[in-house]
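J.: Sharing work-v3.txt, compact mmCIF, C-alpha atoms and all ligand atoms:
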# COMPACT_ATOMS: atom_id res chain seq x y z
CA MET A 142 34.00 142.20 85.74
CA LYS A 143 35.40 138.74 84.98
CA ILE A 144 34.50 135.30 86.29
CA ARG A 145 36.43 132.07 85.94
CA ILE A 146 34.17 129.05 85.45
CA PHE A 147 35.54 125.53 85.41
CA GLU A 148 32.43 123.91 83.96
CA LEU A 149 28.69 124.32 83.67
CA PHE A 150 26.28 121.43 83.23
CA THR A 151 22.81 120.13 84.03
CA SER A 152 22.54 117.03 86.16
CA VAL A 153 20.55 115.42 88.96
CA GLU A 154 21.37 116.80 92.40
CA GLY A 155 22.96 113.95 94.32
CA GLU A 156 23.74 115.58 97.65
CA GLY A 157 22.01 117.20 100.58
CA ILE A 158 18.35 117.79 101.26
CA LEU A 159 17.35 118.48 97.65
CA TYR A 160 18.77 115.32 96.08
CA GLY A 161 16.94 114.24 92.95
CA THR A 162 16.22 117.72 91.62
CA LYS A 163 17.18 118.82 88.10
CA THR A 164 19.96 121.31 88.62
CA LEU A 165 22.23 123.55 86.59
CA PHE A 166 25.66 123.37 88.22
CA VAL A 167 28.00 126.33 87.81
CA ARG A 168 31.38 125.10 88.97
CA LEU A 169 33.65 128.02 89.76
CA ALA A 170 37.40 127.73 89.50
CA GLY A 171 39.58 128.06 92.57
CA CYS A 172 39.79 126.65 96.07
CA PRO A 173 42.78 127.09 98.41
CA PHE A 174 42.03 124.02 100.53
CA THR A 175 43.26 120.46 100.58
CA CYS A 176 40.52 118.05 101.67
CA PHE A 177 41.91 114.57 101.10
CA TYR A 178 38.59 113.33 99.69
CA CYS A 179 38.05 116.25 97.27
CA ASP A 180 36.42 114.91 94.09
CA THR A 181 36.81 118.12 92.06
CA LYS A 182 40.58 118.53 92.29
CA GLU A 183 40.85 119.73 88.68
CA SER A 184 38.88 122.86 89.60
CA LEU A 185 41.08 123.84 92.56
CA PRO A 186 43.64 126.00 90.70
CA LEU A 187 42.37 129.55 90.27
CA ASP A 188 43.55 129.49 86.67
CA SER A 189 41.60 126.32 85.83
CA GLY A 190 38.59 126.49 83.51
CA LYS A 191 37.96 129.55 81.38
CA GLU A 192 37.60 133.23 82.10
CA TYR A 193 34.46 135.04 80.93
CA ASP A 194 33.25 138.63 80.98
CA ILE A 195 30.24 138.76 83.25
CA GLN A 196 27.98 139.45 80.25
CA GLU A 197 29.37 136.35 78.56
CA ALA A 198 28.64 134.41 81.74
CA PHE A 199 25.02 135.63 81.63
CA GLN A 200 24.78 134.29 78.07
CA LEU A 201 26.36 131.03 79.17
CA ILE A 202 23.63 130.66 81.81
CA ASP A 203 20.94 131.47 79.23
CA SER A 204 22.23 128.96 76.69
CA ASN A 205 22.67 126.16 79.26
CA LEU A 206 19.54 126.62 81.34
CA LYS A 207 17.16 123.80 80.47
CA LYS A 208 13.41 123.91 80.92
CA GLN A 209 12.05 122.92 84.33
CA THR A 210 15.36 123.33 86.12
CA TYR A 211 14.64 123.38 89.85
CA LYS A 212 17.67 125.41 90.93
CA VAL A 213 21.09 126.72 89.95
CA ASN A 214 23.97 125.57 92.17
CA PHE A 215 27.06 127.70 92.62
CA THR A 216 29.72 125.20 93.48
CA GLY A 217 33.41 124.71 92.99
CA GLY A 218 36.17 124.82 93.87
CA ASP A 219 34.76 127.26 96.34
CA PRO A 220 32.46 129.99 95.01
CA LEU A 221 33.52 132.38 97.77
CA VAL A 222 36.96 132.68 96.14
CA GLN A 223 35.23 134.78 93.43
CA HIS A 224 32.52 136.19 95.69
CA GLU A 225 31.97 139.50 93.90
CA ALA A 226 31.39 137.97 90.48
CA VAL A 227 29.36 135.09 91.96
CA ALA A 228 27.03 137.61 93.65
CA VAL A 229 26.41 139.33 90.29
CA LEU A 230 25.79 136.04 88.48
CA ALA A 231 23.48 134.75 91.23
CA LYS A 232 21.50 137.99 91.11
CA TYR A 233 21.08 137.45 87.37
CA VAL A 234 19.75 133.90 87.97
CA GLN A 235 17.35 135.17 90.64
CA SER A 236 16.00 137.70 88.13
CA LYS A 237 14.83 134.67 86.12
CA LYS A 238 12.84 133.45 89.14
CA ILE A 239 15.01 130.35 89.55
CA PRO A 240 16.25 129.53 93.06
CA THR A 241 19.98 129.92 93.66
CA TYR A 242 21.97 127.56 95.85
CA LEU A 243 25.37 128.03 97.46
CA GLU A 244 27.72 125.13 98.10
CA SER A 245 30.71 126.38 100.02
CA SER A 246 33.02 125.48 102.85
CA CYS A 247 32.08 128.91 104.28
CA PHE A 248 35.68 129.81 104.99
CA ASP A 249 35.18 133.58 105.02
CA SER A 250 32.09 135.08 106.65
CA ASN A 251 32.62 138.52 105.04
CA LYS A 252 32.65 137.03 101.57
CA PHE A 253 29.71 134.83 102.52
CA ASN A 254 27.69 137.85 103.66
CA HIS A 255 28.42 139.51 100.32
CA VAL A 256 26.80 136.69 98.30
CA LEU A 257 24.06 135.85 100.84
CA PRO A 258 21.38 138.30 99.56
CA PHE A 259 21.54 136.58 96.16
CA MET A 260 21.26 133.00 97.41
CA ASP A 261 18.01 131.26 98.31
CA ILE A 262 19.31 127.93 99.58
CA ILE A 263 22.49 127.54 101.59
CA LYS A 264 24.46 124.47 102.39
CA ILE A 265 26.74 125.21 105.33
CA GLU A 266 29.53 122.70 105.26
CA PHE A 267 31.53 122.04 108.38
CA LYS A 268 34.83 120.27 107.89
CA THR A 269 36.06 117.72 110.38
CA LYS A 270 39.67 117.87 111.56
CA ASP A 271 40.48 114.66 109.71
CA SER A 272 39.45 116.19 106.36
CA LYS A 273 42.90 117.83 106.07
CA PHE A 274 41.01 120.92 104.91
CA VAL A 275 43.66 123.14 106.48
CA ASP A 276 46.49 122.62 108.94
CA SER A 277 45.53 122.33 112.60
CA LYS A 278 46.78 125.87 113.30
CA HIS A 279 44.05 127.39 111.11
CA TYR A 280 41.27 124.87 111.73
CA GLU A 281 39.51 126.64 114.63
CA GLN A 282 39.50 129.94 112.76
CA LEU A 283 37.83 128.32 109.76
CA ILE A 284 35.20 126.64 111.91
CA GLU A 285 34.48 130.01 113.51
CA ASN A 286 33.92 131.46 110.05
CA ALA A 287 31.58 128.61 109.10
CA MET A 288 29.68 129.15 112.37
CA ASN A 289 29.29 132.87 111.61
CA CYS A 290 28.05 131.99 108.12
CA LEU A 291 25.49 129.63 109.65
CA LYS A 292 24.23 132.33 112.00
CA SER A 293 23.94 134.86 109.15
CA SER A 294 22.09 132.40 106.95
CA VAL A 295 19.46 131.51 109.54
CA SER A 296 19.02 135.12 110.65
CA GLU A 297 18.33 136.05 107.01
CA LYS A 298 15.80 133.18 106.95
CA LYS A 299 17.44 131.40 104.05
CA ILE A 300 16.71 127.71 103.48
CA THR A 301 19.71 126.46 105.43
CA TYR A 302 21.05 123.01 105.98
CA ILE A 303 24.24 121.59 107.42
CA LYS A 304 26.46 119.03 105.79
CA ILE A 305 29.44 117.23 107.29
CA VAL A 306 31.51 114.83 105.21
CA VAL A 307 32.79 111.94 107.31
CA SER A 308 35.34 109.23 106.63
CA ALA A 309 36.88 106.23 108.36
CA LYS A 310 39.27 108.74 109.95
CA THR A 311 36.56 110.83 111.63
CA GLU A 312 36.98 110.88 115.41
CA LEU A 313 33.81 110.65 117.48
CA ASP A 314 35.08 113.20 120.02
CA ASP A 315 35.89 115.79 117.37
CA PHE A 316 32.55 115.23 115.67
CA ASN A 317 30.75 115.50 119.00
CA ASN A 318 32.47 118.82 119.78
CA LEU A 319 31.59 120.17 116.35
CA VAL A 320 27.92 119.17 116.65
CA ASN A 321 27.74 120.61 120.15
CA SER A 322 29.14 123.95 118.91
CA ILE A 323 26.67 124.02 116.03
CA PHE A 324 23.65 123.58 118.29
CA ASN A 325 25.04 126.13 120.75
CA SER A 326 24.89 128.59 117.84
CA VAL A 327 21.52 127.73 116.29
CA SER A 328 18.39 125.91 117.39
CA LYS A 329 16.98 122.89 115.59
CA ASP A 330 14.00 124.93 114.40
CA GLN A 331 16.24 127.34 112.52
CA ILE A 332 17.71 124.79 110.13
CA ASP A 333 16.15 122.77 107.32
CA GLY A 334 18.31 119.67 107.47
CA PHE A 335 21.43 118.01 108.76
CA VAL A 336 23.22 115.63 106.41
CA ILE A 337 26.08 113.30 107.26
CA GLN A 338 27.77 112.46 103.95
CA PRO A 339 30.15 109.48 103.87
CA THR A 340 33.23 109.71 101.67
CA ASN A 341 33.07 107.73 98.45
CA GLU A 342 35.79 105.30 97.34
CA ILE A 343 38.34 106.77 99.74
CA ALA A 344 38.60 105.99 103.47
CA GLU A 345 34.92 105.03 103.47
CA PRO A 346 33.42 104.90 106.98
CA SER A 347 31.92 101.65 108.26
CA LEU A 348 28.20 101.35 108.93
CA GLU A 349 29.01 101.13 112.64
CA LEU A 350 30.85 104.46 112.55
CA LEU A 351 28.04 106.09 110.55
CA LEU A 352 25.47 104.95 113.09
CA ASN A 353 27.63 106.27 115.94
CA LEU A 354 27.90 109.64 114.19
CA TYR A 355 24.15 109.64 113.55
CA ASP A 356 23.55 108.95 117.23
CA ILE A 357 25.59 112.01 118.17
CA VAL A 358 23.39 114.33 116.07
CA PHE A 359 20.02 112.67 116.80
CA PRO A 360 19.48 114.11 120.34
CA TYR A 361 19.90 117.61 118.90
CA TYR A 362 18.16 117.05 115.57
CA ALA A 363 16.04 113.95 115.08
CA GLU A 364 15.70 114.51 111.30
CA VAL A 365 19.43 113.96 110.74
CA LYS A 366 20.11 111.83 107.65
CA VAL A 367 23.06 109.86 106.35
CA VAL A 368 23.06 110.56 102.59
CA PRO A 369 25.80 109.31 100.26
CA GLN A 370 26.55 111.06 96.96
CA LEU A 371 23.58 109.62 95.06
CA HIS A 372 24.48 111.04 91.62
CA LYS A 373 27.48 108.70 91.53
CA LEU A 374 25.09 105.71 91.55
CA ILE A 375 23.80 106.72 88.12
CA GLY A 376 27.17 107.83 86.78
CA ALA A 377 26.09 111.48 86.74
CA PRO A 378 28.64 114.27 87.21
S1 LIG B 401 36.80 122.77 100.17
FE1 LIG B 401 35.66 121.54 98.65
S2 LIG B 401 36.59 122.06 96.66
FE2 LIG B 401 38.03 122.73 98.27
S3 LIG B 401 39.46 121.02 98.55
FE3 LIG B 401 37.79 120.75 100.05
S4 LIG B 401 36.26 119.41 99.02
FE4 LIG B 401 37.65 120.24 97.42
Go ahead and render the structure in this file as structure tokens.
T.:
Amino acid sequence: MKIRIFELFTSVEGEGILYGTKTLFVRLAGCPFTCFYCDTKESLPLDSGKEYDIQEAFQLIDSNLKKQTYKVNFTGGDPLVQHEAVAVLAKYVQSKKIPTYLESSCFDSNKFNHVLPFMDIIKIEFKTKDSKFVDSKHYEQLIENAMNCLKSSVSEKKITYIKIVVSAKTELDDFNNLVNSIFNSVSKDQIDGFVIQPTNEIAEPSLELLLNLYDIVFPYYAEVKVVPQLHKLIGAP
């Protein structure tokens, strides 16, 4: 079995509910999508990075894992593009008693369900229409997949939180519909966080828009938080 890894590094987690934790990031190569704010564009081609045998990838984890690492993030690109190899690598990390964490756009619920047993913490990312993630023809289908992933994650009792990246282009109506669909699928007690993440250095949303978006989530989930990408403040990758 082979796995294509774009890069692997230790840094401070700057996103989501576990910001501030020392994390080994395993950035997988490959993502078929086109979000206009993507900040890892170099890792999108499937032939980016370097290919490893799975045993070599185990050694790579061993040689890069620093003491007192809180978790190992499988990120990308999108890790689900290489779901079979990612499941094997995540299982290896779990065998070391270190929590595993999946960062994915959750575009394929079958692939998601394949990696789910080997992940402890799941970020379910929902894309807004304005993200240009996919064309409008395929948008609803992808949201349906993300919704199915969310339901699987909470039913397996994983630590599950929701993230939505928003920009100056985000429409309140679209966001409202998305949030309404999410809380028609899961209850507030089933999730561990809801993060609204503003884009950075590109189409940045105003404070007024962020507060309006916050107000949409608040009636469903009072612990909603607006969290920017904090690692960028300290120049961390
Ligand atoms: S899904 Fe993630 S990795 Fe892929 S283009 Fe969008 S932001 Fe970039």
J.: Could you list, as a PDB file with C-alpha atoms, keeping the file's coordinate frame, all residues that come within 6 Å of ligand LIG 401 (chain B)? Count all atoms listed in the file.
T.:
ATOM      1  CA  CYS A 172      39.790 126.650  96.070  1.00  0.00           C
ATOM      2  CA  PHE A 174      42.030 124.020 100.530  1.00  0.00           C
ATOM      3  CA  THR A 175      43.260 120.460 100.580  1.00  0.00           C
ATOM      4  CA  CYS A 176      40.520 118.050 101.670  1.00  0.00           C
ATOM      5  CA  CYS A 179      38.050 116.250  97.270  1.00  0.00           C
ATOM      6  CA  THR A 181      36.810 118.120  92.060  1.00  0.00           C
ATOM      7  CA  GLY A 217      33.410 124.710  92.990  1.00  0.00           C
ATOM      8  CA  GLY A 218      36.170 124.820  93.870  1.00  0.00           C
ATOM      9  CA  ASP A 219      34.760 127.260  96.340  1.00  0.00           C
ATOM     10  CA  SER A 246      33.020 125.480 102.850  1.00  0.00           C
ATOM     11  CA  PHE A 274      41.010 120.920 104.910  1.00  0.00           C
TER      12      PHE A 274
END
J.: May I ask which of the residues A:Thr269, A:Thr151, A:Gln200, A:Ser296 is the closest one to Asp315 (chain A), counting only C-alpha atoms?
T.: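 Of the candidates, the smallest distance to Asp315 (chain A) is held by A:Thr269.
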J.: Give me, as a tab-separated table, each residue of region 249-324 of chain A that comes within 10 Å of region 333-354 of chain A, together with its shortest interatomic pair and the distance in Å at one decimal, counting all atoms listed in the file, with rows ordered by chain and rising residue number.
T.:
residue	atom	partner	partner_atom	distance
A:Ile262	CA	A:Asp333	CA	9.8
A:Ile263	CA	A:Asp333	CA	9.8
A:Lys264	CA	A:Gly334	CA	9.3
A:Ile265	CA	A:Phe335	CA	9.6
A:Glu266	CA	A:Val336	CA	9.5
A:Val295	CA	A:Asp333	CA	9.6
A:Lys299	CA	A:Asp333	CA	9.3
A:Ile300	CA	A:Asp333	CA	6.3
A:Thr301	CA	A:Asp333	CA	5.5
A:Tyr302	CA	A:Gly334	CA	4.6
A:Ile303	CA	A:Phe335	CA	4.7
A:Lys304	CA	A:Val336	CA	4.7
A:Ile305	CA	A:Ile337	CA	5.2
A:Val306	CA	A:Gln338	CA	4.6
A:Val307	CA	A:Pro339	CA	5.0
A:Ser308	CA	A:Pro346	CA	4.7
A:Ala309	CA	A:Pro346	CA	4.0
A:Lys310	CA	A:Ala344	CA	7.1
A:Thr311	CA	A:Pro346	CA	8.2
A:Glu312	CA	A:Leu354	CA	9.2
A:Leu313	CA	A:Leu354	CA	6.8
A:Asp314	CA	A:Leu354	CA	9.9
A:Phe316	CA	A:Leu354	CA	7.4
A:Asn317	CA	A:Leu354	CA	8.1
A:Val320	CA	A:Leu354	CA	9.8
J.: If you keep C-alpha atoms, can you produce a file of those selected residues as a PDB file, in the coordinates of the input?
T.:
ATOM      1  CA  ILE A 262      19.310 127.930  99.580  1.00  0.00           C
ATOM      2  CA  ILE A 263      22.490 127.540 101.590  1.00  0.00           C
ATOM      3  CA  LYS A 264      24.460 124.470 102.390  1.00  0.00           C
ATOM      4  CA  ILE A 265      26.740 125.210 105.330  1.00  0.00           C
ATOM      5  CA  GLU A 266      29.530 122.700 105.260  1.00  0.00           C
ATOM      6  CA  VAL A 295      19.460 131.510 109.540  1.00  0.00           C
ATOM      7  CA  LYS A 299      17.440 131.400 104.050  1.00  0.00           C
ATOM      8  CA  ILE A 300      16.710 127.710 103.480  1.00  0.00           C
ATOM      9  CA  THR A 301      19.710 126.460 105.430  1.00  0.00           C
ATOM     10  CA  TYR A 302      21.050 123.010 105.980  1.00  0.00           C
ATOM     11  CA  ILE A 303      24.240 121.590 107.420  1.00  0.00           C
ATOM     12  CA  LYS A 304      26.460 119.030 105.790  1.00  0.00           C
ATOM     13  CA  ILE A 305      29.440 117.230 107.290  1.00  0.00           C
ATOM     14  CA  VAL A 306      31.510 114.830 105.210  1.00  0.00           C
ATOM     15  CA  VAL A 307      32.790 111.940 107.310  1.00  0.00           C
ATOM     16  CA  SER A 308      35.340 109.230 106.630  1.00  0.00           C
ATOM     17  CA  ALA A 309      36.880 106.230 108.360  1.00  0.00           C
ATOM     18  CA  LYS A 310      39.270 108.740 109.950  1.00  0.00           C
ATOM     19  CA  THR A 311      36.560 110.830 111.630  1.00  0.00           C
ATOM     20  CA  GLU A 312      36.980 110.880 115.410  1.00  0.00           C
ATOM     21  CA  LEU A 313      33.810 110.650 117.480  1.00  0.00           C
ATOM     22  CA  ASP A 314      35.080 113.200 120.020  1.00  0.00           C
ATOM     23  CA  PHE A 316      32.550 115.230 115.670  1.00  0.00           C
ATOM     24  CA  ASN A 317      30.750 115.500 119.000  1.00  0.00           C
ATOM     25  CA  VAL A 320      27.920 119.170 116.650  1.00  0.00           C
TER      26      VAL A 320
END
J.: One decimal, in Å: what's the spacing between CA of Tyr178 (chain A) and CA of Asn205 (chain A)?
T.: 28.9 Å
J.: Grab the CA of Leu165 (chain A) to CA of Asp188 (chain A) distance for me, in Å with one decimal place.
T.: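 Pair CA of Leu165 (chain A) / CA of Asp188 (chain A) returns 22.1 Å.
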J.: Residues proximal to (36.8, 128.3, 79.3) were defined as those with any atom within 9 Å of that point in the file's coordinates, counting all atoms listed in the file. Which are they, as a compact mmCIF listing (two decimals) with C-alpha atoms, in the frame of the given file?
T.:
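result.txt was written with the following content:
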# COMPACT_ATOMS: atom_id res chain seq x y z
CA ARG A 145 36.43 132.07 85.94
CA ILE A 146 34.17 129.05 85.45
CA PHE A 147 35.54 125.53 85.41
CA GLU A 148 32.43 123.91 83.96
CA SER A 189 41.60 126.32 85.83
CA GLY A 190 38.59 126.49 83.51
CA LYS A 191 37.96 129.55 81.38
CA GLU A 192 37.60 133.23 82.10
CA TYR A 193 34.46 135.04 80.93
J.: For region 235-244 of chain A, work out the shell of residues within 6 Å, counting all atoms listed in the file and skipping chain neighbours fewer than 5 positions away, then give it as number ranges by chain.
T.: A: 212-216, 260-264
J.: Extract, using all atoms listed in the file, all DNA, RNA and protein residues at most 12 Å from Val275 (chain A), discarding same-chain residues fewer than 3 positions from it, and format them as an MDAnalysis selection string.
T.: chainID A and resid 172:177 246 248 268:272 278:284
J.: Find the residues around Pro258 (chain A) up to 9 Å (all atoms listed in the file counted), leave out those fewer than 6 positions away in its own chain, and share them as a VMD selection string.
T.: chain A and resid 228 232 297
J.: Using only C-alpha atoms, pick whichever of A:Glu285, A:Glu364, A:Glu183, A:Asp330 has the shortest atom-to-atom distance to Cys247 (chain A).
T.: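 Distance minimum relative to Cys247 (chain A) lands on A:Glu285.
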J.: Between CA of Leu159 (chain A) and CA of His372 (chain A), what is the spacing in Å?
T.: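 For CA of His372 (chain A) relative to CA of Leu159 (chain A), the distance reads 11.9 Å.
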J.: Considering all atoms listed in the file, state which residue in the set A:Val234, A:Pro186, A:Glu154, A:Asp194 is at the smallest distance from Leu374 (chain A).
T.: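 Comparing A:Val234, A:Pro186, A:Glu154, A:Asp194 against Leu374 (chain A), the winner is A:Glu154.
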J.: Which residue out of A:Met142, A:Ser326, A:Asn318, A:Lys163 has the minimum interatomic distance to Glu197 (chain A) when all atoms listed in the file are used?
T.: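 Smallest separation from Glu197 (chain A) among the options: A:Met142.
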J.: Out of A:Thr164, A:Ser277, A:Gln370, A:Ser322, which residue has the shortest atom-to-atom distance to Lys207 (chain A) when counting only C-alpha atoms?
T.: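 Among A:Thr164, A:Ser277, A:Gln370, A:Ser322, it is A:Thr164 that comes nearest to Lys207 (chain A).
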J.: Quick one: of A:Ser184, A:Gln196, A:Ser328, A:Asn321, who's nearest to Leu230 (chain A), counting only C-alpha atoms?
T.: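 Closest residue, counting only C-alpha atoms: A:Gln196.
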